[in-house]
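The next block is target_6.pdb, given as PDB, C-alpha atoms, pLDDT in the B column.
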ATOM      1  CA  MET A   1     115.505  83.227 109.747  1.00 95.00           C
ATOM      2  CA  ARG A   2     116.006  80.265 107.409  1.00 96.00           C
ATOM      3  CA  PHE A   3     113.842  79.810 104.325  1.00 97.00           C
ATOM      4  CA  ASP A   4     113.828  77.450 101.357  1.00 96.00           C
ATOM      5  CA  ALA A   5     114.033  79.536  98.177  1.00 97.00           C
ATOM      6  CA  ILE A   6     112.099  77.883  95.342  1.00 96.00           C
ATOM      7  CA  ALA A   7     112.942  78.907  91.771  1.00 96.00           C
ATOM      8  CA  ARG A   8     110.513  78.817  88.856  1.00 96.00           C
ATOM      9  CA  ASP A   9     112.308  75.767  87.477  1.00 96.00           C
ATOM     10  CA  GLY A  10     111.809  73.927  90.768  1.00 95.00           C
ATOM     11  CA  ALA A  11     115.366  74.318  92.074  1.00 96.00           C
ATOM     12  CA  THR A  12     115.594  74.994  95.799  1.00 97.00           C
ATOM     13  CA  ARG A  13     118.257  76.393  98.052  1.00 96.00           C
ATOM     14  CA  ALA A  14     118.452  77.464 101.686  1.00 97.00           C
ATOM     15  CA  ILE A  15     118.724  81.178 102.397  1.00 96.00           C
ATOM     16  CA  GLU A  16     118.787  83.395 105.462  1.00 96.00           C
ATOM     17  CA  ARG A  17     116.556  86.449 105.584  1.00 94.00           C
ATOM     18  CA  ALA A  18     115.808  89.013 108.291  1.00 96.00           C
ATOM     19  CA  VAL A  19     112.201  88.984 109.488  1.00 97.00           C
ATOM     20  CA  ALA A  20     110.403  91.824 111.246  1.00 96.00           C
ATOM     21  CA  VAL A  21     109.712  91.131 114.915  1.00 97.00           C
ATOM     22  CA  GLU A  22     106.052  91.177 115.964  1.00 97.00           C
ATOM     23  CA  ARG A  23     105.143  90.825 119.627  1.00 97.00           C
ATOM     24  CA  PRO A  24     101.976  91.248 121.708  1.00 97.00           C
ATOM     25  CA  ILE A  25     102.127  94.429 123.786  1.00 97.00           C
ATOM     26  CA  ALA A  26      99.586  94.302 126.630  1.00 97.00           C
ATOM     27  CA  VAL A  27      98.803  97.895 127.548  1.00 96.00           C
ATOM     28  CA  GLU A  28      97.613  98.861 131.016  1.00 96.00           C
ATOM     29  CA  PHE A  29      96.581 102.362 132.014  1.00 96.00           C
ATOM     30  CA  ASN A  30      96.392 103.063 135.734  1.00 96.00           C
ATOM     31  CA  SER A  31      96.460  99.309 136.475  1.00 95.00           C
ATOM     32  CA  ILE A  32      93.497  98.632 134.163  1.00 94.00           C
ATOM     33  CA  GLY A  33      94.013  96.255 131.252  1.00 94.00           C
ATOM     34  CA  TYR A  34      93.168  98.312 128.163  1.00 93.00           C
ATOM     35  CA  ALA A  35      94.350  96.714 124.913  1.00 93.00           C
ATOM     36  CA  VAL A  36      96.783  94.275 123.335  1.00 95.00           C
ATOM     37  CA  LEU A  37      98.711  95.712 120.403  1.00 96.00           C
ATOM     38  CA  MET A  38     100.609  93.533 117.946  1.00 97.00           C
ATOM     39  CA  ALA A  39     103.681  95.650 117.375  1.00 98.00           C
ATOM     40  CA  THR A  40     107.392  95.846 116.708  1.00 97.00           C
ATOM     41  CA  PRO A  41     109.006  96.090 120.170  1.00 97.00           C
ATOM     42  CA  ALA A  42     110.997  99.266 119.490  1.00 97.00           C
ATOM     43  CA  ASP A  43     110.243 102.845 120.559  1.00 98.00           C
ATOM     44  CA  LEU A  44     107.527 101.527 122.855  1.00 98.00           C
ATOM     45  CA  ASP A  45     107.514 104.703 124.938  1.00 98.00           C
ATOM     46  CA  ASP A  46     106.544 106.610 121.790  1.00 98.00           C
ATOM     47  CA  LEU A  47     103.953 103.966 120.913  1.00 98.00           C
ATOM     48  CA  ILE A  48     102.193 104.095 124.281  1.00 98.00           C
ATOM     49  CA  THR A  49     102.246 107.905 124.352  1.00 98.00           C
ATOM     50  CA  GLY A  50     100.843 108.165 120.844  1.00 98.00           C
ATOM     51  CA  PHE A  51      98.262 105.460 121.527  1.00 97.00           C
ATOM     52  CA  ALA A  52      97.059 107.279 124.661  1.00 98.00           C
ATOM     53  CA  LEU A  53      96.728 110.501 122.650  1.00 98.00           C
ATOM     54  CA  ALA A  54      94.870 108.733 119.834  1.00 96.00           C
ATOM     55  CA  GLU A  55      92.499 107.122 122.352  1.00 94.00           C
ATOM     56  CA  ARG A  56      91.849 110.616 123.809  1.00 95.00           C
ATOM     57  CA  LEU A  57      92.943 109.438 127.237  1.00 97.00           C
ATOM     58  CA  ILE A  58      95.449 112.285 127.474  1.00 97.00           C
ATOM     59  CA  GLU A  59      95.858 115.604 125.735  1.00 96.00           C
ATOM     60  CA  ARG A  60      99.576 116.158 126.337  1.00 97.00           C
ATOM     61  CA  ALA A  61     102.514 113.804 126.668  1.00 98.00           C
ATOM     62  CA  GLU A  62     103.159 115.110 130.184  1.00 97.00           C
ATOM     63  CA  GLU A  63      99.913 113.531 131.360  1.00 97.00           C
ATOM     64  CA  LEU A  64     101.527 110.112 130.972  1.00 98.00           C
ATOM     65  CA  VAL A  65     103.650 110.311 134.088  1.00 97.00           C
ATOM     66  CA  GLU A  66     105.152 106.821 134.261  1.00 97.00           C
ATOM     67  CA  LEU A  67     105.731 103.856 131.967  1.00 98.00           C
ATOM     68  CA  ASP A  68     107.196 100.493 132.955  1.00 98.00           C
ATOM     69  CA  LEU A  69     107.883  97.746 130.430  1.00 98.00           C
ATOM     70  CA  HIS A  70     107.863  94.142 131.620  1.00 97.00           C
ATOM     71  CA  PRO A  71     109.102  91.550 129.083  1.00 97.00           C
ATOM     72  CA  THR A  72     107.605  88.073 129.466  1.00 96.00           C
ATOM     73  CA  ASP A  73     107.866  84.829 127.526  1.00 95.00           C
ATOM     74  CA  ARG A  74     104.634  85.634 125.681  1.00 94.00           C
ATOM     75  CA  GLY A  75     105.099  89.347 125.056  1.00 97.00           C
ATOM     76  CA  ILE A  76     105.566  92.667 126.797  1.00 98.00           C
ATOM     77  CA  ILE A  77     103.369  94.250 129.456  1.00 98.00           C
ATOM     78  CA  ALA A  78     103.366  98.045 129.240  1.00 98.00           C
ATOM     79  CA  ARG A  79     102.152  99.578 132.494  1.00 98.00           C
ATOM     80  CA  ALA A  80     101.409 103.274 132.109  1.00 98.00           C
ATOM     81  CA  MET A  81     100.261 105.695 134.773  1.00 97.00           C
ATOM     82  CA  LEU A  82      98.265 108.744 133.798  1.00 97.00           C
ATOM     83  CA  THR A  83      97.602 111.777 135.954  1.00 96.00           C
ATOM     84  CA  PRO A  84      94.701 111.365 138.404  1.00 94.00           C
ATOM     85  CA  GLU A  85      92.648 113.807 136.327  1.00 93.00           C
ATOM     86  CA  ARG A  86      92.696 111.344 133.425  1.00 94.00           C
ATOM     87  CA  ALA A  87      91.754 108.222 135.372  1.00 89.00           C
ATOM     88  CA  ALA A  88      88.033 108.701 134.683  1.00 89.00           C
ATOM     89  CA  ARG A  89      88.665 108.689 130.938  1.00 92.00           C
ATOM     90  CA  VAL A  90      90.357 105.303 131.194  1.00 92.00           C
ATOM     91  CA  ALA A  91      87.434 103.775 133.081  1.00 86.00           C
ATOM     92  CA  ALA A  92      84.892 105.231 130.629  1.00 84.00           C
ATOM     93  CA  ARG A  93      86.749 104.014 127.538  1.00 83.00           C
ATOM     94  CA  VAL A  94      87.274 100.547 128.989  1.00 81.00           C
ATOM     95  CA  ARG A  95      83.516 100.188 129.478  1.00 65.00           C
ATOM     96  CA  HIS A  96      82.905 101.031 125.836  1.00 62.00           C
ATOM     97  CA  ARG A  97      85.691  98.768 124.584  1.00 60.00           C
ATOM     98  CA  VAL A  98      84.303  95.836 126.581  1.00 50.00           C
ATOM     99  CA  SER A  99      80.846  96.400 125.115  1.00 43.00           C
ATOM    100  CA  GLU A 100      82.158  96.380 121.544  1.00 44.00           C
ATOM    101  CA  SER A 101      81.487  92.641 121.354  1.00 42.00           C
ATOM    102  CA  GLY A 102      77.863  93.191 122.327  1.00 41.00           C
ATOM    103  CA  CYS A 103      74.798  93.779 120.186  1.00 41.00           C
ATOM    104  CA  GLY A 104      71.218  95.007 120.330  1.00 42.00           C
ATOM    105  CA  LEU A 105      70.523  98.201 122.255  1.00 41.00           C
ATOM    106  CA  CYS A 106      74.209  98.852 122.919  1.00 46.00           C
ATOM    107  CA  GLY A 107      74.897  99.047 119.175  1.00 52.00           C
ATOM    108  CA  ILE A 108      73.932 102.710 118.777  1.00 50.00           C
ATOM    109  CA  GLU A 109      76.237 103.701 121.615  1.00 57.00           C
ATOM    110  CA  ASN A 110      79.071 101.685 120.085  1.00 66.00           C
ATOM    111  CA  LEU A 111      78.638 103.404 116.723  1.00 70.00           C
ATOM    112  CA  GLU A 112      78.740 106.800 118.416  1.00 73.00           C
ATOM    113  CA  GLN A 113      81.948 105.827 120.181  1.00 72.00           C
ATOM    114  CA  ALA A 114      83.493 104.515 116.973  1.00 75.00           C
ATOM    115  CA  LEU A 115      82.755 107.737 115.103  1.00 84.00           C
ATOM    116  CA  ARG A 116      83.215 110.360 117.773  1.00 88.00           C
ATOM    117  CA  PRO A 117      83.337 113.959 116.465  1.00 93.00           C
ATOM    118  CA  LEU A 118      86.806 115.055 115.409  1.00 96.00           C
ATOM    119  CA  PRO A 119      88.372 118.405 116.252  1.00 96.00           C
ATOM    120  CA  ARG A 120      88.946 120.773 113.356  1.00 98.00           C
ATOM    121  CA  VAL A 121      92.542 120.937 112.221  1.00 98.00           C
ATOM    122  CA  THR A 122      93.917 124.409 112.948  1.00 98.00           C
ATOM    123  CA  ALA A 123      97.533 123.930 111.836  1.00 98.00           C
ATOM    124  CA  THR A 124      98.497 124.809 108.283  1.00 98.00           C
ATOM    125  CA  SER A 125     100.974 123.227 105.896  1.00 98.00           C
ATOM    126  CA  ASP A 126     103.187 125.204 103.548  1.00 98.00           C
ATOM    127  CA  ALA A 127     104.126 122.063 101.597  1.00 98.00           C
ATOM    128  CA  GLY A 128     103.381 122.028  97.899  1.00 97.00           C
ATOM    129  CA  ASP A 129     103.333 119.167  95.436  1.00 97.00           C
ATOM    130  CA  THR A 130     107.124 119.249  94.995  1.00 98.00           C
ATOM    131  CA  ALA A 131     107.619 118.739  98.722  1.00 98.00           C
ATOM    132  CA  CYS A 132     105.362 115.684  98.735  1.00 98.00           C
ATOM    133  CA  PHE A 133     107.326 114.095  95.888  1.00 98.00           C
ATOM    134  CA  ALA A 134     110.618 114.962  97.607  1.00 98.00           C
ATOM    135  CA  ALA A 135     109.565 113.336 100.878  1.00 98.00           C
ATOM    136  CA  LEU A 136     108.342 110.263  99.040  1.00 98.00           C
ATOM    137  CA  ALA A 137     111.688 109.933  97.245  1.00 97.00           C
ATOM    138  CA  GLY A 138     113.628 110.284 100.487  1.00 97.00           C
ATOM    139  CA  LEU A 139     111.548 108.012 102.704  1.00 98.00           C
ATOM    140  CA  ARG A 140     113.345 104.759 101.874  1.00 95.00           C
ATOM    141  CA  ASP A 141     116.631 106.132 103.208  1.00 97.00           C
ATOM    142  CA  HIS A 142     114.961 106.481 106.619  1.00 97.00           C
ATOM    143  CA  GLN A 143     113.537 102.946 106.750  1.00 97.00           C
ATOM    144  CA  PRO A 144     116.373 100.694 107.939  1.00 97.00           C
ATOM    145  CA  LEU A 145     114.049  98.060 109.362  1.00 96.00           C
ATOM    146  CA  ASN A 146     111.994  97.830 106.193  1.00 96.00           C
ATOM    147  CA  ARG A 147     115.120  97.646 104.047  1.00 95.00           C
ATOM    148  CA  ALA A 148     116.246  94.660 106.093  1.00 96.00           C
ATOM    149  CA  THR A 149     112.906  92.860 106.290  1.00 97.00           C
ATOM    150  CA  GLY A 150     110.526  94.307 103.697  1.00 95.00           C
ATOM    151  CA  GLY A 151     107.760  93.850 106.250  1.00 95.00           C
ATOM    152  CA  VAL A 152     107.147  97.070 108.166  1.00 97.00           C
ATOM    153  CA  HIS A 153     105.418 100.402 107.688  1.00 98.00           C
ATOM    154  CA  ALA A 154     106.836 103.862 108.226  1.00 98.00           C
ATOM    155  CA  ALA A 155     105.348 107.131 109.440  1.00 98.00           C
ATOM    156  CA  ALA A 156     107.378 110.250 108.744  1.00 98.00           C
ATOM    157  CA  LEU A 157     107.327 113.886 109.768  1.00 98.00           C
ATOM    158  CA  ALA A 158     108.362 115.966 106.748  1.00 98.00           C
ATOM    159  CA  THR A 159     109.188 119.664 106.594  1.00 98.00           C
ATOM    160  CA  ALA A 160     107.539 122.161 104.262  1.00 98.00           C
ATOM    161  CA  ASP A 161     110.220 121.506 101.624  1.00 98.00           C
ATOM    162  CA  GLY A 162     109.880 117.723 101.854  1.00 98.00           C
ATOM    163  CA  THR A 163     112.890 116.972 104.053  1.00 98.00           C
ATOM    164  CA  ILE A 164     112.329 113.950 106.290  1.00 98.00           C
ATOM    165  CA  ARG A 165     112.685 115.113 109.879  1.00 98.00           C
ATOM    166  CA  LEU A 166     111.630 112.086 111.933  1.00 98.00           C
ATOM    167  CA  VAL A 167     110.535 108.511 111.167  1.00 98.00           C
ATOM    168  CA  ARG A 168     109.127 105.632 113.173  1.00 98.00           C
ATOM    169  CA  GLU A 169     108.680 102.064 111.886  1.00 98.00           C
ATOM    170  CA  ASP A 170     106.408  99.216 112.923  1.00 98.00           C
ATOM    171  CA  VAL A 171     104.744  96.108 111.517  1.00 97.00           C
ATOM    172  CA  GLY A 172     101.423  97.904 112.035  1.00 97.00           C
ATOM    173  CA  ARG A 173     100.596 101.083 110.140  1.00 96.00           C
ATOM    174  CA  HIS A 174      98.587 102.397 113.085  1.00 97.00           C
ATOM    175  CA  ASN A 175     101.441 101.659 115.471  1.00 98.00           C
ATOM    176  CA  ALA A 176     103.956 103.441 113.255  1.00 98.00           C
ATOM    177  CA  PHE A 177     101.812 106.597 113.234  1.00 98.00           C
ATOM    178  CA  ASP A 178     101.214 106.368 116.995  1.00 98.00           C
ATOM    179  CA  LYS A 179     104.977 106.093 117.496  1.00 98.00           C
ATOM    180  CA  LEU A 180     105.601 109.168 115.354  1.00 98.00           C
ATOM    181  CA  ILE A 181     102.928 111.226 117.112  1.00 98.00           C
ATOM    182  CA  GLY A 182     104.151 110.043 120.499  1.00 98.00           C
ATOM    183  CA  ALA A 183     107.750 110.938 119.670  1.00 98.00           C
ATOM    184  CA  MET A 184     106.685 114.376 118.475  1.00 98.00           C
ATOM    185  CA  ALA A 185     104.624 115.001 121.607  1.00 98.00           C
ATOM    186  CA  SER A 186     107.397 113.861 123.937  1.00 98.00           C
ATOM    187  CA  GLY A 187     110.023 115.849 122.055  1.00 98.00           C
ATOM    188  CA  GLY A 188     107.965 119.019 121.796  1.00 97.00           C
ATOM    189  CA  LEU A 189     107.936 118.887 117.987  1.00 98.00           C
ATOM    190  CA  GLY A 190     105.206 120.507 115.932  1.00 98.00           C
ATOM    191  CA  TRP A 191     104.222 120.238 112.294  1.00 98.00           C
ATOM    192  CA  ASP A 192     105.774 123.654 111.601  1.00 98.00           C
ATOM    193  CA  GLY A 193     104.241 123.946 108.156  1.00 98.00           C
ATOM    194  CA  GLY A 194     105.131 120.365 107.240  1.00 98.00           C
ATOM    195  CA  PHE A 195     103.137 117.171 106.951  1.00 98.00           C
ATOM    196  CA  ALA A 196     102.893 113.440 107.679  1.00 98.00           C
ATOM    197  CA  LEU A 197     103.847 110.777 105.140  1.00 98.00           C
ATOM    198  CA  LEU A 198     102.665 107.197 105.692  1.00 98.00           C
ATOM    199  CA  SER A 199     103.729 104.091 103.775  1.00 97.00           C
ATOM    200  CA  SER A 200     100.271 102.566 103.902  1.00 95.00           C
ATOM    201  CA  ARG A 201      96.706 102.823 102.712  1.00 94.00           C
ATOM    202  CA  CYS A 202      94.638 105.654 104.143  1.00 97.00           C
ATOM    203  CA  SER A 203      92.111 104.188 106.580  1.00 95.00           C
ATOM    204  CA  PHE A 204      89.758 106.258 108.694  1.00 95.00           C
ATOM    205  CA  GLU A 205      91.733 105.421 111.861  1.00 95.00           C
ATOM    206  CA  LEU A 206      94.835 107.060 110.413  1.00 97.00           C
ATOM    207  CA  VAL A 207      92.818 110.124 109.441  1.00 98.00           C
ATOM    208  CA  GLU A 208      91.486 110.346 112.978  1.00 97.00           C
ATOM    209  CA  LYS A 209      94.985 110.050 114.466  1.00 98.00           C
ATOM    210  CA  ALA A 210      96.139 112.838 112.142  1.00 98.00           C
ATOM    211  CA  ALA A 211      93.232 115.102 113.068  1.00 98.00           C
ATOM    212  CA  LEU A 212      93.704 114.522 116.795  1.00 98.00           C
ATOM    213  CA  ALA A 213      97.396 115.385 116.383  1.00 98.00           C
ATOM    214  CA  ASN A 214      96.407 118.581 114.493  1.00 98.00           C
ATOM    215  CA  CYS A 215      98.266 117.388 111.411  1.00 98.00           C
ATOM    216  CA  PRO A 216      97.571 119.807 108.539  1.00 98.00           C
ATOM    217  CA  LEU A 217      98.382 117.454 105.632  1.00 98.00           C
ATOM    218  CA  LEU A 218      98.361 113.660 105.467  1.00 98.00           C
ATOM    219  CA  VAL A 219     100.067 111.928 102.532  1.00 98.00           C
ATOM    220  CA  THR A 220      99.732 108.171 102.078  1.00 98.00           C
ATOM    221  CA  ILE A 221     101.334 105.851  99.563  1.00 97.00           C
ATOM    222  CA  SER A 222      98.242 103.732  99.005  1.00 96.00           C
ATOM    223  CA  ALA A 223      94.525 104.304  98.486  1.00 97.00           C
ATOM    224  CA  PRO A 224      91.942 105.790 100.872  1.00 97.00           C
ATOM    225  CA  THR A 225      88.621 104.407 102.020  1.00 97.00           C
ATOM    226  CA  THR A 226      85.359 106.315 101.677  1.00 97.00           C
ATOM    227  CA  LEU A 227      85.175 106.828 105.427  1.00 96.00           C
ATOM    228  CA  ALA A 228      88.738 108.167 105.508  1.00 97.00           C
ATOM    229  CA  VAL A 229      87.809 110.812 102.935  1.00 98.00           C
ATOM    230  CA  GLU A 230      84.608 111.709 104.781  1.00 97.00           C
ATOM    231  CA  ARG A 231      86.371 112.042 108.138  1.00 97.00           C
ATOM    232  CA  ALA A 232      89.189 114.105 106.621  1.00 98.00           C
ATOM    233  CA  ARG A 233      86.674 116.550 105.162  1.00 97.00           C
ATOM    234  CA  GLU A 234      84.861 116.697 108.491  1.00 96.00           C
ATOM    235  CA  ALA A 235      88.081 117.646 110.272  1.00 98.00           C
ATOM    236  CA  GLY A 236      89.411 119.992 107.575  1.00 98.00           C
ATOM    237  CA  LEU A 237      92.417 117.736 106.987  1.00 98.00           C
ATOM    238  CA  ARG A 238      94.175 117.975 103.620  1.00 98.00           C
ATOM    239  CA  LEU A 239      94.574 114.522 102.132  1.00 98.00           C
ATOM    240  CA  VAL A 240      96.910 113.294  99.392  1.00 98.00           C
ATOM    241  CA  VAL A 241      96.733 109.598  98.504  1.00 98.00           C
ATOM    242  CA  LEU A 242      98.245 107.059  96.112  1.00 97.00           C
ATOM    243  CA  ALA A 243     101.461 109.054  96.266  1.00 97.00           C
ATOM    244  CA  ARG A 244     103.833 107.512  93.735  1.00 95.00           C
ATOM    245  CA  PRO A 245     107.035 108.804  92.114  1.00 95.00           C
ATOM    246  CA  ASP A 246     105.150 109.960  89.003  1.00 96.00           C
ATOM    247  CA  MET A 247     101.696 110.901  90.316  1.00 97.00           C
ATOM    248  CA  MET A 248      99.557 111.468  93.397  1.00 98.00           C
ATOM    249  CA  LEU A 249      95.889 112.192  94.025  1.00 98.00           C
ATOM    250  CA  ALA A 250      94.760 115.184  96.073  1.00 97.00           C
ATOM    251  CA  VAL A 251      91.322 114.910  97.672  1.00 96.00           C
ATOM    252  CA  PRO A 252      89.379 118.120  96.866  1.00 94.00           C
TER     253      PRO A 252
END

Written form, structure tokens:
Amino acid sequence: MRFDAIARDGATRAIERAVAVERPIAVEFNSIGYAVLMATPADLDDLITGFALAERLIERAEELVELDLHPTDRGIIARAMLTPERAARVAARVRHRVSESGCGLCGIENLEQALRPLPRVTATSDAGDTACFAALAGLRDHQPLNRATGGVHAAALATADGTIRLVREDVGRHNAFDKLIGAMASGGLGWDGGFALLSSRCSFELVEKAALANCPLLVTISAPTTLAVERAREAGLRLVVLARPDMMLAVP
């Protein structure tokens, strides 16, 4: 994409720079319109699988039995079919999502849906501090899209010694983590004593995705929110934040 580069002294020149692609992804589950995600249109099968797991519509990747992608001028329609046993979950969640714009008596129900109880994390991580620093140092080498554009997040699966095993990128931090979790579920990969490393701040949604994926240790490059810390403690999820080359903060 063409830009006008403006120097401090006022000089300008035309330059070309790669820009991260962001497209609307309209997600349908069992022919029901469910959500529109603003995402990078790569690894969409992983994204939809991870999103369905994070929304608690499915419990295993195999329960998403079909996915068709339909590009249009305005975006991409992702039509996913879940097993018949999961159809009721879709209908129930859609009702709650529609009511999220409401108020009054429905508010209590919406809050309960927003902060549904999390499962306790049962997996364990064998990664120590050295492994976290090692993964952080190696992450950039696995971010080709961010190197080209400087505008996307990464979610990485790291081994117990800090080796980067798998990475997914997206303009959205939530999407990147959904893609990673979806790829792991589809590929039969587990945490195996390792951990997740995210190039983003630690919001409560990312903590919830980690807990639902039974992730034993979540490391993020930026700061957490109070709710993220509270939800991590509730789920028994180890949390390391503000991970930088010279220091990181472990949540006790």

Report task. Choose the residue, out of A:Arg23, A:Arg147, A:Lys179, A:Arg238, that has the smallest atom-to-atom separation from Asn214 (chain A); count only C-alpha atoms. Result -> A:Arg238

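The list of residues within 9 Å of (106.6, 96.5, 129.0), counted using only C-alpha atoms, is Ile25, Ala26, Val27, Leu44, Leu67, Asp68, Leu69, His70, Pro71, Thr72, Gly75, Ile76, Ile77, Ala78 and Arg79 of chain A.
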
Query raised in the report: Applied to this file, what does the PyMOL selection byres ((chain A and resi 151-166) around 9) return in terms of residues, put as a ChimeraX atom specification?
Result: /A:19-20,40,125-128,130-136,138-139,142-143,145-150,167-181,183-184,191-200

Query raised in the report: Rounded to one decimal in Å, what is the spacing between CA of Pro144 (chain A) and CA of Asp43 (chain A)?
Result: 14.2 Å

Neighbour residues at most 9 Å from (119.9, 79.2, 104.5) (all atoms listed in the file) as a PDB file with C-alpha atoms, in the frame of the given file:
ATOM      1  CA  MET A   1     115.505  83.227 109.747  1.00 95.00           C
ATOM      2  CA  ARG A   2     116.006  80.265 107.409  1.00 96.00           C
ATOM      3  CA  PHE A   3     113.842  79.810 104.325  1.00 97.00           C
ATOM      4  CA  ASP A   4     113.828  77.450 101.357  1.00 96.00           C
ATOM      5  CA  ALA A   5     114.033  79.536  98.177  1.00 97.00           C
ATOM      6  CA  ARG A  13     118.257  76.393  98.052  1.00 96.00           C
ATOM      7  CA  ALA A  14     118.452  77.464 101.686  1.00 97.00           C
ATOM      8  CA  ILE A  15     118.724  81.178 102.397  1.00 96.00           C
ATOM      9  CA  GLU A  16     118.787  83.395 105.462  1.00 96.00           C
ATOM     10  CA  ARG A  17     116.556  86.449 105.584  1.00 94.00           C
TER      11      ARG A  17
END

Report task. On this file, the PyMOL selection byres ((chain A and resi 215) around 8) gives some set of residues; write that set as an NGL selection string. Result -> :A and (121 or 123 or 191 or 195-196 or 210-214 or 216-218 or 237)

Query raised in the report: Can you list, as number ranges by chain, the residues that the PyMOL selection byres ((chain A and resi 84) around 12) selects here?
Result: A: 29-30, 57-58, 63-65, 81-83, 85-91

Requested in this report: Mind giving me the straight-line distance from CA of Ala185 (chain A) to CA of Ala61 (chain A) in Å, one decimal?
Outcome: 5.6 Å

Query raised in the report: What is the distance, in Å and to one decimal place, between CA of Leu189 (chain A) and CA of Leu53 (chain A)?
Result: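 So the answer is 14.8 Å.
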
Report task. Please provide the set of residues having any atom within 10 Å of Leu249 (chain A), restricted to all atoms listed in the file, with same-chain residues fewer than 2 positions apart removed, written as an MDAnalysis selection string. Result -> chainID A and resid 219:220 223 239:244 247 251:252
